[in-house]
Amino acid sequence: MKLSDLKVGQSGIVSAVGGEGNTRQHFLDMGLIPGVRVTVVKFAPMGDPVEIRIHSFELTLRMDDAKQINIELCDSDAEEPISKKSKNIIEKTEHPGLGEDGKFHPKGSGNPLPDDEILTYALVGNQNCGKTTLFNQLTGANQHVGNFPGVTVDRKDGPIKGNPKTSITDLPGIYSMSPYSSEEIVSRNFVLDEKPKAIINIVDATNIERNLYLTMQLLEMNIPMVVALNMMDEVKGNGGSIDINKMELMLGVPVVPISAAKGEGVEELVKHAIHIAKYQECPLRQDFCDESDEGGAVHRCIHAVEHLIKDHAERVGLPVRFSASKVVEGDHLIIEKLDLDQNELEMIEHIITQMEAERGLDRSAAMADMRFEYISRVCRVSVKKPKESKEHIRSQKIDKILTGKFTAIPMFILIMVAVFYLTFNVIGAWLQELLETGIDALTGLVDSALTSAGVNEVIHSLVIDGIFAGVGSVLSFLPIIIVLFLFLSLMEDSGYIARVAFVMDKLLRKIGLSGRSIVPLLIGFGCTVPAVMSTRTLPSERDRKMTILLTPFMSCTAKLPIYAFFVNAFFKENGGLVMSGLYVAGIVAGILVALLYKKTIFKGNAVPFVMELPNYRLPSPKNVLQLLWDKAKDFLRKAFTIILIATIVVWFLQSFDFHFNLVSNSEDSILAMISGIIAPIFRPLGLGDWRIVTSLISGVMAKESVVSTMEILFTGAGGITAALSSLSAAALLVFSLLYSPCIAAIASIKRELGGKWAVLLVLWQCVLAWLAAFAVYSIGGLFL
Amino acid sequence: MNVADIIIISVIAVAAICAVVYLIKRKKKGVSCCCGDCSKCSGCK
């Protein structure tokens with residue numbers, strides 16, 4: 001029987017895990033190993049993917065992947081085999097005092113590092129286990145924290161508060177040290193190549209079995225380490241407990257219970273972290289394979305390989321035990337690094353094959369089983385499982401509606417409509433009007449002050465028609481942008497975006513993407529730059545590239561001023577409809593382009609959708625406000641730097657001719673001359689006016705610049721409405737929707753994909769925008 | 001040009017120069033672009 005055959009509520013014991021390569025390794029690393037019990041929680045509304053409960057957490061899997069997992073049906077209430085062996089035997093244990101000063105560390109013992117040496121730390125843990133919250137607590141930084149696996153996509157460093165001679169690095173969340181996603185390789189390489197003085201391993205205590213799997217592999221790296229048991233408040237609150245002393249003894253490293261969100265235990269964690277790094281106290285234990293476990297085949301195999309590769313590992317500076325485990329698992333990156341002889345490779349292969357035959361499991365499954373077996377032993381003697389947490393019960397109730405078969409998609413549409421409606425028509429619009437009134441009042445005040453001071457007409461024009469009109473028009477969009485980011489942040493922090501990925505996976509697969517791609521695409525409605533960066537969480541290069549190339553089709557907030565400007569001028573009566581139409585048109589264009597990519601440059605299928613669904617959490621007001629403040633700062637910085645310079649340059653170029661004489665008619669200006677050369681390209685779109693062309697070009701610097709430039713250039717009688725017909729305005733809106741992203745987005749695409757892709761994307765989008773605008777203008781012309 | 005003209009022009013010029021210097025410095029220093037892959041690092045440009 002296959003896992004895919006189970007119905008909601010049914011359970012089964014995994015008998016074999018099929019598949020191959022990294023994907024299979026990932027299943028095993030996530031705890032899907034033979035002997036473990038899985039229960040089907042629910043299916044996505046379109047019947048795929050499926051959410052399963054394994055150990056004490058929920059995972060999502062596609063049906064195709066579920067078909068690769070063999071199970072034996074069991075009673076849903078029956079205990080799973082592993083836990084049968086794991087009857088909790090918690091006894092009182094003395095404090096081992098690892099990584100501590102005082103009586104546990106005799107004065108003068110150990111070899112402390114010199115006082116001036118910077119103590120470097122790697123903060124490593126599973127995705128969504130509270131790493132960034134702890135990083136913020138440790139360093140006093142204000143990095144954004146989300147409730148979605150993989151919020152940290154780049155490395156962040158900072159000294160621990162009050163300890164200037166320390167540097168802690170927040171690494172992307174990973175499930176194991178196997179090279180499944182680029183983040184896992186990045187985090188692994190950081191620990192192996194950068195050689196931090198110590199590791200702070202953050203473990204989610206509410207999900208301890210799965211989190212300790214990574215701990216096992218980190219211990220094998222033989223680097224001083226302290227385990228921070230996070231969310232202990234939640235464990236205790238739900239009636240659970242953990243014998244810290246026992247766990248510390250069994251893992252051979254200091255274990256500190258903390259609550260990163262409340263800041264509890266952080267001080268003690270810092271003390272331990274500094275001690276182990278200063279005295280370079282390595283883990284007391286790296287050997288987790290048991291001689292008596294299932295005949296000891298795995299134990300003998302690992303130790304035999306360890307002896308064989310010892311010289312190679314030492315030569316290239318890799319930890320011996322870690323390398324041996326990875327060689328047994330068949331990790332090609334480590335095998336290549338070790339540079340083994342053919343004889344050695346063959347000998348190792350014979351040893352592993354023998355182990356597989358004796359153990360009755362393949363190499364990857366045998367290694368995963370060995371680790372989970374030790375974890376179950378640790379948990380058996382040290383963990384009293386909490387009853388089902390109220391957070392989990394609450395999440396299940398909410399999920400009945402938000403991911404329910406008949407309610408999920410209507411709820412998603414409803415939420416998105418509400419977000420856009422509240423942003424553009426209620427809260428954001430009201431705040432925008434308020435700010436606009438303020439800006440207009442200030443402009444009037446400055447205008448009359450300049451007039452009464454008898455300021456030169458040219459300077460007067462520069463201040464009022466240039467700076468105030470340009471920067472002011474862009475500034476007024478600040479409230480809308482902040483409100484949209486507020487909603488996106490609430491969706492992410494609450495854990496809803498992870499559900500959207502689950503619900504939308506099947507649909508996105510039809511266009512060649514995975515459900516996880518929905519996250520960058522949704523962020524793209526805010527800004528393309530973070531959207532492009534967030535694609536780093538996608539485990540396949542193909543999905544990542546394709547998602548990056550599609551994010552610019554999602555209308556970012558910077559395009560809003562353009563839409564609002566033209567909608568107000570030309571389509572005021574149907575404003576809402578046109579605005580929504582533009583957003584939908586962007587999505588439709590994205591879908592069509594994705595289908596094209598799928599059939600041409602990105603053939604193949606999206607990678608498996610193995611993702612953890614976190615419990616819903618109430619977003620922290622501090623976190624949300626911090627994010628909004630950062631976005632507001634970014635926007636203001638842009639308005640007073642790029643936009644200010646652009647408005648001054650545009651004003652100058654449209655006020656003077658090539659001999660630097662002030663022109664009375666801007667058609668004689670430098671700008672008119674330059675743009676006039678390009679204008680014929682836009683004539684078939686009904687956009688042959690040099691001022692339109694100039695505005696569109698300035699939009700490549702920053703999208704908001706299109707409006708500020710137009711405000712400066714269209715100051716005469718009639719303004720923009722006299723220069724364009726409604727049809728031309730529609731063509732211009734479509735062109736603005738699809739043409740090249742701004743320079744910041746291009747730079748981030750270049751950083752992720754390289755210069756060639758960035759240039760090709762810009763050219764491709766310009767051509768596409770021209771064709772779409774031409775179609776709108778020509779077809780519209782037939783009816784109007 | 002009167003005194004008011006000179007003051008306004010100076011303020012605008014200083015603001016524009018500050019904006020340009022800020023943008024250049026930011027470009028040189030690099031924004032949050034670290035991929036964490038130090039083995040391939042050529043600095044944040």
# chains A, B, ... in the order shown; residues from 1 in each chain; ligands from 1
>>> residues_around(residues="segment 4-15 of chain B", least_positions_apart="5", cutoff="7 Å", atoms="only C-alpha atoms", output="PyMOL selection string")
chain A and resi 453+455-456+459
>>> residues_around(residues="Asp115 of chain A", least_positions_apart="4", cutoff="10 Å", atoms="only C-alpha atoms", output="list in words")
Leu119, Lys165 and Lys278 of chain A
>>> write_last_selection(atoms="C-alpha atoms", output="PDB file, in the first residue's frame")
ATOM      1  CA  LEU A 119      34.829  34.728  18.880  1.00  0.00           C
ATOM      2  CA  LYS A 165      34.753  40.809  20.566  1.00  0.00           C
ATOM      3  CA  LYS A 278      36.837  30.742  24.486  1.00  0.00           C
TER       4      LYS A 278
END
>>> residues_around(residues="segment 335-347 of chain A", least_positions_apart="2", cutoff="10 Å", atoms="only C-alpha atoms", output="PyMOL selection string")
chain A and resi 304-305+308-318+323-324+326-328+330-333+349-353
>>> atom_distance(atom1="atom CA of Gly581 of chain A", atom2="atom CA of Val762 of chain A")
23.4 Å
>>> closest_atom_pairs(of="chain A", to="chain B", cutoff="10 Å", atoms="only C-alpha atoms", output="tab-separated table")
residue	atom	partner	partner_atom	distance
A:Val153	CA	B:Cys35	CA	7.6
A:Asp154	CA	B:Cys35	CA	5.1
A:Arg155	CA	B:Gly36	CA	5.1
A:Lys156	CA	B:Cys34	CA	8.0
A:Thr169	CA	B:Gly36	CA	9.6
A:Asp170	CA	B:Gly36	CA	9.8
A:Leu171	CA	B:Gly36	CA	7.7
A:Pro172	CA	B:Gly36	CA	8.8
A:Ser182	CA	B:Asp37	CA	9.4
A:Glu183	CA	B:Gly36	CA	8.7
A:Ile185	CA	B:Asp37	CA	8.5
A:Val186	CA	B:Asp37	CA	5.4
A:Ser187	CA	B:Gly36	CA	7.6
A:Arg188	CA	B:Asp37	CA	9.8
A:Asn189	CA	B:Asp37	CA	7.3
A:Phe190	CA	B:Asp37	CA	7.2
A:Asp193	CA	B:Ser39	CA	7.8
A:Glu194	CA	B:Cys38	CA	7.9
A:Leu450	CA	B:Ala4	CA	8.5
A:Ala453	CA	B:Ala4	CA	7.0
A:Gly454	CA	B:Ala4	CA	8.0
A:Val455	CA	B:Asp5	CA	5.6
A:Asn456	CA	B:Asp5	CA	6.4
A:Glu457	CA	B:Asp5	CA	9.7
A:Val458	CA	B:Asp5	CA	9.6
A:Ile459	CA	B:Asp5	CA	6.9
A:His460	CA	B:Asp5	CA	8.8
A:Leu462	CA	B:Ile9	CA	9.4
A:Val463	CA	B:Ile8	CA	8.6
A:Ile467	CA	B:Ile12	CA	9.3
A:Met533	CA	B:Cys33	CA	8.6
A:Arg536	CA	B:Cys35	CA	8.9
A:Arg637	CA	B:Ala19	CA	9.1
A:Lys638	CA	B:Ala19	CA	9.5
A:Phe640	CA	B:Ala19	CA	7.1
A:Thr641	CA	B:Ala19	CA	4.7
A:Ile642	CA	B:Ala19	CA	7.4
A:Ile643	CA	B:Ala19	CA	9.7
A:Leu644	CA	B:Ala16	CA	7.3
A:Ile645	CA	B:Ala16	CA	6.1
A:Ala646	CA	B:Ala16	CA	9.8
A:Ile648	CA	B:Ala16	CA	8.3
A:Ala747	CA	B:Lys45	CA	9.4
A:Ser748	CA	B:Cys33	CA	8.1
A:Arg751	CA	B:Cys33	CA	7.9
A:Glu752	CA	B:Cys35	CA	9.0
>>> select_by_dssp(residues="segment 498-591 of chain A", states="helix (DSSP H, G or I)", output="JSON, numbers by chain")
{"A": [498, 499, 500, 501, 502, 503, 504, 505, 506, 507, 508, 509, 510, 515, 516, 517, 518, 519, 520, 521, 522, 523, 528, 529, 530, 531, 532, 533, 534, 535, 536, 537, 541, 542, 543, 544, 545, 546, 547, 548, 549, 550, 551, 552, 553, 557, 558, 559, 560, 561, 562, 563, 564, 565, 566, 567, 568, 569, 570, 572, 573, 574, 575, 576, 577, 578, 579, 580, 581, 582, 583, 584, 585, 586, 587, 588, 589, 590, 591]}
>>> residues_around(residues="Ala585 of chain A", least_positions_apart="5", cutoff="12 Å", atoms="only C-alpha atoms", output="list of chain:residue names")
A:Phe553, A:Met554, A:Ser555, A:Leu577, A:Val578, A:Met579, A:Ser580, A:Gly590, A:Ile591, A:Leu592, A:Leu733, A:Val734, A:Phe735, A:Ser736, A:Leu737, A:Leu738, A:Ala769, A:Ala772, A:Ala773, A:Val776
>>> write_last_selection(atoms="N, CA, C and O atoms", output="CSV table (one decimal), in the first residue's frame")
chain,number,residue,atom,x,y,z
A,553,PHE,N,6.5,40.6,-13.4
A,553,PHE,CA,5.1,40.7,-14.0
A,553,PHE,C,4.1,41.0,-12.9
A,553,PHE,O,3.0,41.4,-13.2
A,554,MET,N,4.4,40.8,-11.7
A,554,MET,CA,3.5,41.2,-10.6
A,554,MET,C,3.7,42.7,-10.4
A,554,MET,O,4.8,43.2,-10.2
A,555,SER,N,2.6,43.4,-10.4
A,555,SER,CA,2.7,44.9,-10.3
A,555,SER,C,3.2,45.3,-8.9
A,555,SER,O,2.5,45.1,-7.9
A,577,LEU,N,-12.1,49.4,-11.4
A,577,LEU,CA,-12.1,48.3,-12.4
A,577,LEU,C,-10.8,48.3,-13.2
A,577,LEU,O,-10.2,47.3,-13.4
A,578,VAL,N,-10.4,49.5,-13.6
A,578,VAL,CA,-9.1,49.6,-14.4
A,578,VAL,C,-7.9,49.2,-13.5
A,578,VAL,O,-7.1,48.4,-14.0
A,579,MET,N,-7.9,49.6,-12.3
A,579,MET,CA,-6.8,49.2,-11.4
A,579,MET,C,-6.8,47.7,-11.2
A,579,MET,O,-5.7,47.1,-11.4
A,580,SER,N,-7.9,47.1,-10.9
A,580,SER,CA,-7.9,45.7,-10.7
A,580,SER,C,-7.6,45.0,-12.0
A,580,SER,O,-6.8,44.0,-12.0
A,590,GLY,N,1.9,37.0,-16.7
A,590,GLY,CA,2.9,36.1,-16.0
A,590,GLY,C,2.6,34.6,-16.3
A,590,GLY,O,3.5,33.9,-16.6
A,591,ILE,N,1.3,34.3,-16.3
A,591,ILE,CA,0.9,32.9,-16.5
A,591,ILE,C,1.3,32.5,-18.0
A,591,ILE,O,1.8,31.4,-18.2
A,592,LEU,N,0.9,33.4,-18.9
A,592,LEU,CA,1.2,33.1,-20.3
A,592,LEU,C,2.7,32.9,-20.5
A,592,LEU,O,3.2,32.0,-21.2
A,733,LEU,N,-0.6,52.5,-20.0
A,733,LEU,CA,-0.7,51.7,-18.8
A,733,LEU,C,-0.2,50.2,-19.0
A,733,LEU,O,0.5,49.7,-18.1
A,734,VAL,N,-0.6,49.7,-20.1
A,734,VAL,CA,-0.2,48.3,-20.4
A,734,VAL,C,1.3,48.2,-20.6
A,734,VAL,O,2.0,47.3,-20.1
A,735,PHE,N,1.9,49.3,-21.2
A,735,PHE,CA,3.3,49.3,-21.4
A,735,PHE,C,4.0,49.4,-20.1
A,735,PHE,O,5.0,48.7,-19.8
A,736,SER,N,3.5,50.3,-19.2
A,736,SER,CA,4.1,50.5,-17.9
A,736,SER,C,4.0,49.2,-17.1
A,736,SER,O,4.9,48.9,-16.3
A,737,LEU,N,2.9,48.5,-17.2
A,737,LEU,CA,2.8,47.3,-16.5
A,737,LEU,C,3.8,46.2,-16.8
A,737,LEU,O,4.4,45.5,-15.9
A,738,LEU,N,4.2,46.2,-18.1
A,738,LEU,CA,5.0,45.1,-18.6
A,738,LEU,C,6.5,45.4,-18.9
A,738,LEU,O,7.3,44.5,-19.0
A,769,ALA,N,6.2,44.3,-23.7
A,769,ALA,CA,5.4,45.5,-23.4
A,769,ALA,C,5.0,46.3,-24.6
A,769,ALA,O,3.8,46.7,-24.8
A,772,ALA,N,2.3,44.2,-26.4
A,772,ALA,CA,1.0,44.2,-25.7
A,772,ALA,C,0.3,45.6,-25.9
A,772,ALA,O,-0.9,45.7,-26.1
A,773,ALA,N,1.1,46.7,-25.7
A,773,ALA,CA,0.6,48.0,-25.9
A,773,ALA,C,0.1,48.3,-27.3
A,773,ALA,O,-1.0,48.9,-27.5
A,776,VAL,N,-3.2,46.6,-27.7
A,776,VAL,CA,-4.3,47.3,-27.0
A,776,VAL,C,-4.7,48.5,-27.9
A,776,VAL,O,-5.9,48.8,-28.1
>>> residues_around(residues="segment 400-405 of chain A", least_positions_apart="2", cutoff="8 Å", atoms="only C-alpha atoms", output="list in words")
Phe43, Ala44, Pro45, Met46, Gln396, Lys397, Ile398, Thr407, Ala408, Ile409, Met411, Phe412, Arg499 and Val503 of chain A
>>> atom_distance(atom1="atom CA of Leu696 of chain A", atom2="atom CA of Tyr777 of chain A")
17.2 Å
>>> residues_around(residues="Ser11 of chain A", least_positions_apart="2", cutoff="7 Å", atoms="only C-alpha atoms", output="mmCIF file with all heavy atoms, in the first residue's frame")
data_model
loop_
_atom_site.group_PDB
_atom_site.id
_atom_site.type_symbol
_atom_site.label_atom_id
_atom_site.label_comp_id
_atom_site.auth_asym_id
_atom_site.auth_seq_id
_atom_site.Cartn_x
_atom_site.Cartn_y
_atom_site.Cartn_z
ATOM 1 N N GLY A 9 -7.294 11.066 8.031
ATOM 2 C CA GLY A 9 -7.467 10.474 9.353
ATOM 3 C C GLY A 9 -6.832 9.098 9.481
ATOM 4 O O GLY A 9 -6.611 8.613 10.589
ATOM 5 N N ARG A 37 5.384 6.320 11.987
ATOM 6 C CA ARG A 37 3.960 6.352 11.670
ATOM 7 C C ARG A 37 3.579 7.686 11.039
ATOM 8 O O ARG A 37 4.004 8.740 11.512
ATOM 9 C CB ARG A 37 3.131 6.143 12.933
ATOM 10 C CG ARG A 37 1.668 5.824 12.575
ATOM 11 C CD ARG A 37 0.834 5.656 13.795
ATOM 12 N NE ARG A 37 0.599 6.935 14.430
ATOM 13 C CZ ARG A 37 0.122 7.064 15.659
ATOM 14 N NH1 ARG A 37 -0.104 5.991 16.378
ATOM 15 N NH2 ARG A 37 -0.101 8.247 16.175
ATOM 16 N N VAL A 38 2.800 7.606 9.967
ATOM 17 C CA VAL A 38 2.312 8.837 9.334
ATOM 18 C C VAL A 38 0.777 8.816 9.349
ATOM 19 O O VAL A 38 0.167 7.765 9.217
ATOM 20 C CB VAL A 38 2.791 9.004 7.865
ATOM 21 C CG1 VAL A 38 4.254 9.285 7.810
ATOM 22 C CG2 VAL A 38 2.461 7.794 7.026
ATOM 23 N N THR A 39 0.211 9.991 9.530
ATOM 24 C CA THR A 39 -1.248 10.113 9.505
ATOM 25 C C THR A 39 -1.611 11.192 8.504
ATOM 26 O O THR A 39 -0.987 12.263 8.495
ATOM 27 C CB THR A 39 -1.776 10.525 10.903
ATOM 28 O OG1 THR A 39 -1.260 9.596 11.859
ATOM 29 C CG2 THR A 39 -3.284 10.545 10.963
ATOM 30 N N VAL A 40 -2.586 10.900 7.662
ATOM 31 C CA VAL A 40 -3.003 11.910 6.686
ATOM 32 C C VAL A 40 -3.907 12.931 7.393
ATOM 33 O O VAL A 40 -4.914 12.558 7.992
ATOM 34 C CB VAL A 40 -3.735 11.265 5.492
ATOM 35 C CG1 VAL A 40 -4.354 12.321 4.599
ATOM 36 C CG2 VAL A 40 -2.756 10.430 4.683
ATOM 37 N N LEU A 73 -0.908 -0.242 6.634
ATOM 38 C CA LEU A 73 -2.016 0.417 7.333
ATOM 39 C C LEU A 73 -1.996 0.054 8.822
ATOM 40 O O LEU A 73 -1.719 -1.095 9.178
ATOM 41 C CB LEU A 73 -3.338 -0.030 6.707
ATOM 42 C CG LEU A 73 -4.564 0.819 7.021
ATOM 43 C CD1 LEU A 73 -4.424 2.217 6.454
ATOM 44 C CD2 LEU A 73 -5.824 0.157 6.464
ATOM 45 N N CYS A 74 -2.238 1.024 9.667
ATOM 46 C CA CYS A 74 -2.293 0.707 11.102
ATOM 47 C C CYS A 74 -3.430 1.490 11.741
ATOM 48 O O CYS A 74 -3.978 2.410 11.140
ATOM 49 C CB CYS A 74 -0.966 1.006 11.782
ATOM 50 S SG CYS A 74 -0.649 2.746 12.007
ATOM 51 N N ASP A 75 -3.704 1.153 12.971
ATOM 52 C CA ASP A 75 -4.759 1.819 13.709
ATOM 53 C C ASP A 75 -4.315 3.246 14.023
ATOM 54 O O ASP A 75 -3.189 3.458 14.477
ATOM 55 C CB ASP A 75 -4.999 1.016 15.012
ATOM 56 C CG ASP A 75 -6.200 1.542 15.781
ATOM 57 O OD1 ASP A 75 -6.773 2.553 15.326
ATOM 58 O OD2 ASP A 75 -6.541 0.948 16.809
ATOM 59 N N SER A 76 -5.169 4.207 13.777
ATOM 60 C CA SER A 76 -4.792 5.606 13.997
ATOM 61 C C SER A 76 -4.428 5.897 15.437
ATOM 62 O O SER A 76 -3.630 6.777 15.722
ATOM 63 C CB SER A 76 -5.929 6.532 13.584
ATOM 64 O OG SER A 76 -6.101 6.448 12.201
#
>>> atom_distance(atom1="atom CA of Ala228 of chain A", atom2="atom CA of Pro257 of chain A")
5.9 Å
